[in-house]
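> I am sharing structure-v7.txt, which consists of compact mmCIF, C-alpha atoms:
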# COMPACT_ATOMS: atom_id res chain seq x y z
CA MET M 1 102.82 74.02 147.82
CA SER M 2 105.86 76.25 148.33
CA GLU M 3 105.73 80.00 147.85
CA ALA M 4 107.69 79.69 144.60
CA GLU M 5 105.34 77.04 143.29
CA GLU M 6 102.33 79.16 144.21
CA THR M 7 103.81 82.14 142.38
CA LYS M 8 104.47 80.07 139.30
CA ALA M 9 100.96 78.65 139.36
CA ALA M 10 99.51 82.14 139.64
CA GLU M 11 101.53 83.35 136.67
CA GLU M 12 100.40 80.48 134.50
CA THR M 13 96.77 80.88 135.40
CA MET M 14 94.58 82.05 132.58
CA VAL M 15 93.71 85.67 133.02
CA ASN M 16 90.30 86.58 131.74
CA GLN M 17 89.31 90.21 131.39
CA ARG M 18 86.70 92.25 129.61
CA VAL M 19 87.45 95.44 127.77
CA GLY M 20 84.12 97.17 127.94
CA SER M 21 81.84 95.84 125.22
CA ALA M 22 84.72 95.74 122.76
CA ALA M 23 86.18 92.37 123.60
CA GLN M 24 86.85 89.63 126.05
CA ILE M 25 90.51 88.80 126.50
CA LEU M 26 91.86 85.46 127.62
CA HIS M 27 95.54 85.40 128.47
CA GLU M 28 97.17 82.00 128.78
CA LYS M 29 100.93 81.89 129.13
CA GLN M 30 102.24 83.51 125.95
CA LYS M 31 98.99 83.29 124.02
CA LEU M 32 96.33 85.97 123.94
CA GLN M 33 92.86 85.17 122.67
CA VAL M 34 90.64 88.17 122.01
CA THR M 35 86.94 87.47 121.48
CA VAL M 36 85.83 90.58 119.67
CA GLY M 37 82.34 91.91 120.31
CA ALA M 38 79.63 92.72 117.80
CA ARG M 39 81.47 95.82 116.61
CA LEU M 40 85.11 96.65 116.08
CA THR M 41 84.76 100.27 115.00
CA ALA M 42 86.22 103.61 116.06
CA VAL M 43 84.87 103.53 119.63
CA GLU M 44 85.74 99.91 120.38
CA ALA M 45 89.14 100.14 118.69
CA HIS M 46 90.05 103.06 120.93
CA ASN M 47 89.09 101.06 124.06
CA LEU M 48 91.02 97.99 122.98
CA GLN M 49 94.14 99.67 121.66
CA GLU M 50 95.99 100.32 124.92
CA THR M 51 95.22 96.89 126.34
CA LEU M 52 96.60 95.20 123.25
CA ARG M 53 99.65 97.40 123.17
CA GLN M 54 100.49 96.47 126.76
CA GLU M 55 99.93 92.77 126.19
CA ILE M 56 102.15 92.73 123.11
CA ALA M 57 104.83 94.69 124.96
CA ASP M 58 104.67 92.07 127.73
CA GLY M 59 105.83 89.51 125.20
CA ILE M 60 102.97 87.37 123.95
CA ARG M 61 103.93 85.04 121.10
CA GLU M 62 100.51 84.23 119.71
CA LEU M 63 97.55 86.54 119.21
CA VAL M 64 94.18 85.24 118.08
CA PHE M 65 91.14 87.38 117.34
CA ASP M 66 87.95 85.34 117.44
CA MET M 67 85.53 87.28 115.24
CA LYS M 68 82.50 84.99 115.57
CA GLU M 69 80.37 87.74 117.13
CA THR M 70 81.62 90.58 114.92
CA ILE M 71 79.13 91.98 112.44
CA ALA M 72 80.57 95.49 112.02
CA LEU M 73 84.13 96.45 111.18
CA ASP M 74 85.29 99.83 109.89
CA SER M 75 88.62 101.26 108.76
CA THR M 76 89.56 102.18 112.34
CA GLY M 77 88.97 98.60 113.46
CA ILE M 78 90.94 97.36 110.49
CA GLY M 79 93.73 99.76 111.46
CA LEU M 80 93.82 98.25 114.94
CA LEU M 81 94.11 94.73 113.53
CA VAL M 82 96.86 95.80 111.14
CA ALA M 83 98.75 97.61 113.90
CA ALA M 84 98.56 94.52 116.11
CA ASN M 85 99.75 92.40 113.20
CA ASN M 86 102.65 94.75 112.54
CA SER M 87 103.69 94.56 116.20
CA MET M 88 103.49 90.77 116.31
CA ARG M 89 105.57 90.53 113.13
CA ASN M 90 108.19 92.78 114.68
CA THR M 91 108.53 90.39 117.62
CA GLN M 92 108.41 87.24 115.43
CA GLY M 93 105.05 86.30 116.91
CA ASN M 94 101.95 84.99 115.17
CA MET M 95 98.57 86.54 114.74
CA ARG M 96 95.38 85.31 113.10
CA LEU M 97 91.67 86.05 112.82
CA THR M 98 89.26 83.14 113.23
CA ASN M 99 85.54 82.57 112.65
CA VAL M 100 85.26 85.61 110.43
CA ARG M 101 81.70 86.15 109.16
CA ASP M 102 81.02 86.37 105.47
CA ASP M 103 80.54 90.14 105.05
CA ILE M 104 83.59 90.90 107.17
CA TYR M 105 85.67 88.35 105.28
CA LYS M 106 84.66 89.93 101.96
CA LEU M 107 85.63 93.33 103.31
CA LEU M 108 89.05 92.05 104.34
CA ARG M 109 89.45 90.34 100.99
CA ASN M 110 88.62 93.51 99.12
CA MET M 111 91.14 95.38 101.25
CA ARG M 112 93.71 92.67 100.41
CA LEU M 113 94.16 91.76 104.04
CA VAL M 114 92.99 88.15 104.27
CA GLU M 115 96.46 86.70 103.90
CA ARG M 116 98.19 89.46 105.83
CA LEU M 117 95.94 88.97 108.84
CA SER M 118 95.62 85.18 108.38
CA ALA M 119 91.86 85.48 108.38
CA SER M 120 89.73 82.36 108.22
CA ARG M 121 86.00 82.06 107.87
CA GLU M 122 83.66 80.45 110.33
CA ASP M 123 83.83 77.12 108.54
CA GLU M 124 87.50 76.85 107.71
CA GLN M 125 90.82 76.75 109.42
CA VAL M 126 94.04 78.33 108.27
CA SER M 127 97.09 76.13 108.47
CA HIS M 128 100.04 77.73 110.14
CA GLY M 129 103.57 76.83 109.21
CA MET F 1 36.26 100.52 103.16
CA SER F 2 36.57 98.75 106.53
CA ARG F 3 38.29 100.43 109.46
CA ALA F 4 41.16 97.94 109.30
CA ALA F 5 41.67 98.65 105.63
CA LYS F 6 41.65 102.38 106.30
CA GLU F 7 44.28 101.97 109.03
CA LYS F 8 46.43 99.90 106.72
CA THR F 9 46.36 102.45 103.95
CA LYS F 10 47.24 105.20 106.42
CA LYS F 11 50.49 103.52 107.47
CA LYS F 12 53.32 104.77 105.31
CA VAL F 13 56.76 103.34 105.25
CA ASN F 14 59.18 106.22 105.49
CA ASN F 15 61.70 106.46 102.69
CA PHE F 16 63.67 109.35 104.15
CA ILE F 17 65.45 109.86 107.42
CA ARG F 18 67.45 112.84 108.63
CA LEU F 19 69.53 112.94 111.77
CA VAL F 20 71.62 115.73 113.27
CA ILE F 21 74.21 114.56 115.78
CA PRO F 22 76.93 116.19 117.87
CA SER F 23 80.51 115.35 116.93
CA GLU F 24 80.91 112.37 119.22
CA LEU F 25 81.94 108.97 117.90
CA CYS F 26 79.43 107.21 120.15
CA GLU F 27 76.65 108.84 118.09
CA VAL F 28 77.61 106.92 114.96
CA GLU F 29 75.87 103.79 116.18
CA ASN F 30 72.61 105.72 116.62
CA VAL F 31 72.82 106.87 113.02
CA CYS F 32 73.46 103.35 111.76
CA ARG F 33 70.61 101.94 113.81
CA GLY F 34 68.16 104.51 112.48
CA VAL F 35 69.04 103.94 108.85
CA ARG F 36 69.17 100.18 109.29
CA GLY F 37 65.62 100.25 110.59
CA MET F 38 64.43 102.06 107.50
CA LEU F 39 66.22 99.58 105.23
CA THR F 40 64.54 96.69 107.02
CA GLU F 41 61.13 98.30 106.57
CA HIS F 42 61.82 98.39 102.84
CA GLY F 43 63.12 94.84 102.67
CA LEU F 44 66.62 96.05 101.82
CA ASP F 45 68.60 93.97 104.29
CA ASP F 46 70.92 92.94 101.46
CA ASN F 47 72.13 96.53 101.34
CA ALA F 48 72.47 96.85 105.11
CA PHE F 49 76.14 95.92 105.45
CA ALA F 50 77.30 98.31 102.74
CA VAL F 51 75.12 101.16 103.99
CA ASP F 52 76.27 100.58 107.56
CA LEU F 53 79.92 100.56 106.52
CA LEU F 54 79.65 103.69 104.40
CA LEU F 55 77.86 105.58 107.14
CA ARG F 56 80.48 104.59 109.70
CA GLU F 57 83.32 105.66 107.44
CA PHE F 58 81.95 109.00 106.35
CA VAL F 59 80.29 110.01 109.60
CA ASN F 60 83.55 109.14 111.41
CA ASN F 61 85.40 111.34 108.94
CA ALA F 62 82.96 114.19 109.46
CA ILE F 63 83.36 113.95 113.24
CA LEU F 64 87.12 113.42 113.34
CA HIS F 65 88.42 115.40 110.39
CA GLY F 66 85.58 117.74 109.47
CA ASN F 67 84.48 118.90 112.90
CA CYS F 68 87.69 117.85 114.74
CA LEU F 69 85.66 116.26 117.55
CA ASP F 70 84.21 119.65 118.50
CA CYS F 71 80.98 118.68 120.25
CA ALA F 72 79.55 122.12 119.53
CA LYS F 73 79.66 121.29 115.83
CA MET F 74 77.02 119.07 114.35
CA VAL F 75 76.96 116.43 111.65
CA GLU F 76 73.87 116.08 109.51
CA VAL F 77 73.15 112.67 108.04
CA SER F 78 70.31 111.75 105.75
CA ALA F 79 69.28 108.62 103.91
CA ARG F 80 66.73 108.36 101.14
CA ILE F 81 65.37 105.26 99.45
CA GLY F 82 64.37 105.92 95.87
CA ARG F 83 63.15 103.64 93.15
CA LYS F 84 66.59 102.44 92.13
CA TRP F 85 69.01 104.10 94.53
CA ILE F 86 69.77 104.45 98.18
CA THR F 87 71.22 107.92 98.71
CA LEU F 88 73.20 108.85 101.79
CA SER F 89 74.36 112.34 102.63
CA VAL F 90 76.81 113.45 105.32
CA THR F 91 77.49 117.13 106.07
CA ASP F 92 79.83 118.59 108.68
CA GLU F 93 80.50 122.15 109.83
CA GLY F 94 84.18 122.14 109.03
CA PRO F 95 85.95 124.09 106.30
CA GLY F 96 86.08 121.10 104.00
CA PHE F 97 89.09 119.66 102.24
CA CYS F 98 90.55 119.50 98.79
CA TRP F 99 89.03 116.24 97.66
CA ARG F 100 90.12 116.85 94.07
CA ALA F 101 93.74 116.54 95.12
CA LEU F 102 93.08 113.24 96.80
CA ARG F 103 93.78 110.27 94.63
CA CYS F 104 92.26 107.01 95.66
CA HIS F 105 95.42 105.07 96.30
CA PHE F 106 95.23 101.56 97.59
CA PRO F 107 96.77 101.41 101.07
CA LYS F 108 99.72 99.12 101.70
CA PRO F 109 98.95 96.06 103.85
CA SER F 110 100.99 97.51 106.70
CA ASP F 111 99.19 100.88 106.68
CA THR F 112 97.18 101.41 109.84
CA SER F 113 95.08 104.25 108.44
CA GLY F 114 93.86 105.73 105.18
CA ARG F 115 91.35 103.10 104.14
CA GLY F 116 88.17 105.13 104.48
CA LEU F 117 87.94 106.55 100.97
CA THR F 118 89.03 103.25 99.44
CA ILE F 119 86.19 101.53 101.25
CA GLY F 120 83.87 104.26 99.98
CA SER F 121 84.91 103.69 96.39
CA LEU F 122 84.34 99.94 96.72
CA TYR F 123 80.99 99.99 98.47
CA ALA F 124 79.29 103.04 96.92
CA ASP F 125 78.34 103.20 93.26
CA ARG F 126 78.77 106.98 93.25
CA ILE F 127 80.53 109.41 95.59
CA ILE F 128 79.87 113.12 95.11
CA PHE F 129 81.52 115.85 97.18
CA ASN F 130 80.35 119.45 97.24
CA LYS F 131 82.84 122.12 96.18
CA ALA F 132 84.16 122.77 99.70
CA GLY F 133 84.40 119.10 100.61
CA ASN F 134 82.32 119.29 103.77
CA ARG F 135 79.37 117.47 102.29
CA VAL F 136 79.36 114.10 100.58
CA MET F 137 76.61 112.20 98.83
CA LEU F 138 76.89 108.45 98.41
CA MET F 139 74.68 106.44 96.13
CA LEU F 140 74.16 102.70 96.10
CA LYS F 141 71.98 100.67 93.82
CA LYS F 142 69.24 98.97 95.74
CA GLN F 143 70.10 95.38 96.59
CA GLY F 144 72.97 95.56 94.19
CA LYS F 145 76.08 93.48 94.64
CA LEU F 146 79.44 94.88 95.62
CA LYS F 147 81.00 96.08 92.43
CA GLU F 148 84.26 94.69 91.16
CA GLU F 149 84.80 92.15 93.91
CA THR F 150 87.52 90.58 91.85
CA LEU F 151 89.20 93.84 90.93
CA TYR F 152 91.97 93.36 93.44
CA GLU F 153 92.50 89.61 93.22
Take the structure from the file and write it as C-alpha cells.

Amino acid sequence: MSEAEETKAAEETMVNQRVGSAAQILHEKQKLQVTVGARLTAVEAHNLQETLRQEIADGIRELVFDMKETIALDSTGIGLLVAANNSMRNTQGNMRLTNVRDDIYKLLRNMRLVERLSASREDEQVSHG
Amino acid sequence: MSRAAKEKTKKKVNNFIRLVIPSELCEVENVCRGVRGMLTEHGLDDNAFAVDLLLREFVNNAILHGNCLDCAKMVEVSARIGRKWITLSVTDEGPGFCWRALRCHFPKPSDTSGRGLTIGSLYADRIIFNKAGNRVMLMLKKQGKLKEETLYE
C-alpha cells in the first residue's frame, strides 16, 4: 500500500472515543454517532459540548444521538441537543435522535421538540427525506 | 409479640429527607439518588421521573443562578411524602429574583436555554416561590399523571 493509500485508509477509519461517562462517539467519514450515557444533564452536557462543537466544525453531514441508555434528560441536555441541531441545520446537515425511551420521548413531546430533533422511540424509525 | 414482629414494627419508612449540598453541579445526582430511594421505599416509582426532573431543574437553578456556583454557598433540598402530595423544597443563599415578573413563555424550538420553568410548570402541580425568590416549593400529586399532556399538541 502506498503512503497516499495508507493516509486515505487512516482517514476513513472509524474513530471511536469516549467522552467521560457522557457518551461514546463513533466517527465514520462524515457521520457522527453519539451513544449517550444514562444521563444527559448539566454535567454531561458540559463535557460533551466542546467535542460536538469541534466535530460539527470539522464538517460532519449526519449526526445521530442514540438515546437507548438515557434515562435522565434536563433542560441543559435539551439545550445541547437543540444547539447541535441548530448547527447541523446551518450547514445543511441532518440530525436525529434514535431509541428514545418513553419518559424522555414524552418530555421532548411536551417541549414540542420531537419533530425538530427528529426523535424516534425505541420501537420506531423516522423516515428521512 | 414475637421478636420478629417487634423488629418489623420498629422499622419505619422515612417520609422526609433533607440534604444540604455545596453549589457544585456534580452534587445534583446525589440529591436525586437520595430522593429516588425514598420514593422507591414508598412504592412511588411512577412519580420518580417527574420528581427527578424537577429536582434537577430547580437544584441546577439554585446552584447556577441563585448561588452563582459559589461553593461556599449551600443549597438545601428537602422532600416530603404526604398522604396525597409529594412536596419538594429547594433553597439557595442567593438574593433571589423577581419571579413575579417572569411569565412562563414557551421557548421557541431553536432556543438553547430557558426551558427550566416551563418544565416545572408541566411536571409540578403547584410551584410556590417565597417573597425573595430564593426558595421554591414544588408539589406533585402522588402517582398522578403528567397534567395536560395534550396541551401543546
> Considering only C-alpha atoms, extract the chain M residues located within 7 Å of chain F and return them as a list in words.
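Output check: Val43, Asp74, Ser75, Gly79, Leu80, Val82, Ala83, Asn86, Asn110, Leu113 and Arg116 of chain M.
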> One decimal, in Å: what's the spacing between CA of Thr51 in chain M and CA of Ile78 in chain M?
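According to the coordinates, CA of Thr51 in chain M and CA of Ile78 in chain M are separated by 16.4 Å.
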> Do you have the CA of Ala42 in chain M-CA of His105 in chain F distance handy?
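Separation of CA of Ala42 in chain M and CA of His105 in chain F: 21.8 Å.
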> My list of candidates is F:Asn30, F:Gln143, F:Ser89, F:Asn14. Which is closest to Asp45 in chain F when distances are computed with only C-alpha atoms?
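Going through F:Asn30, F:Gln143, F:Ser89, F:Asn14 one by one, the smallest distance to Asp45 in chain F is for F:Gln143.
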> Please, what distance in Å, to one decimal, runs between CA of Ser120 in chain M and CA of Asn94 in chain M?
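Separation of CA of Ser120 in chain M and CA of Asn94 in chain M: 14.3 Å.
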> Out of F:Asn130, F:Ser78, F:Ser121, F:Thr91, which residue has the shortest atom-to-atom distance to Cys32 in chain F when counting only C-alpha atoms?
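Nearest to Cys32 in chain F: F:Ser78.
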> Which residue, M:Glu50, M:Lys68, M:Arg121, M:Thr76, has the smallest gap to Leu64 in chain F when you use all atoms listed in the file?
M:Thr76
> Using only the atoms of range 55-58 of chain M listed in the file, plus 4 Å on each side, state the axis-aligned box centre and edge lengths in Å rounded to one decimal, as JSON.

{"center_x": 102.4, "center_y": 93.4, "center_z": 125.4, "size_x": 12.9, "size_y": 10.6, "size_z": 12.6}
> Identify which of the residues M:Val19, M:Arg61, M:Arg89, M:Arg101 lies closest to Lys31 in chain M, counting all atoms listed in the file when measuring atom-to-atom distances.
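Of the candidates, the smallest distance to Lys31 in chain M is held by M:Arg61.
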> Could you check which residues have any atom within 10 Å of (80.6, 118.5, 111.8), counting all atoms listed in the file with coordinates taken straight from the file, and then list them as JSON, numbers by chain?
{"F": [20, 21, 22, 23, 24, 59, 60, 61, 62, 63, 64, 65, 66, 67, 68, 69, 70, 71, 72, 73, 74, 75, 76, 90, 91, 92, 93, 94, 95, 96, 134, 135]}
> Fewer than 5 positions away in the same chain doesn't count, so skip those; otherwise give me all residues within 10 Å of Leu32 in chain M, counting only C-alpha atoms, as number ranges by chain.
M: 14-16, 25-27, 52, 55-56, 60-65, 95
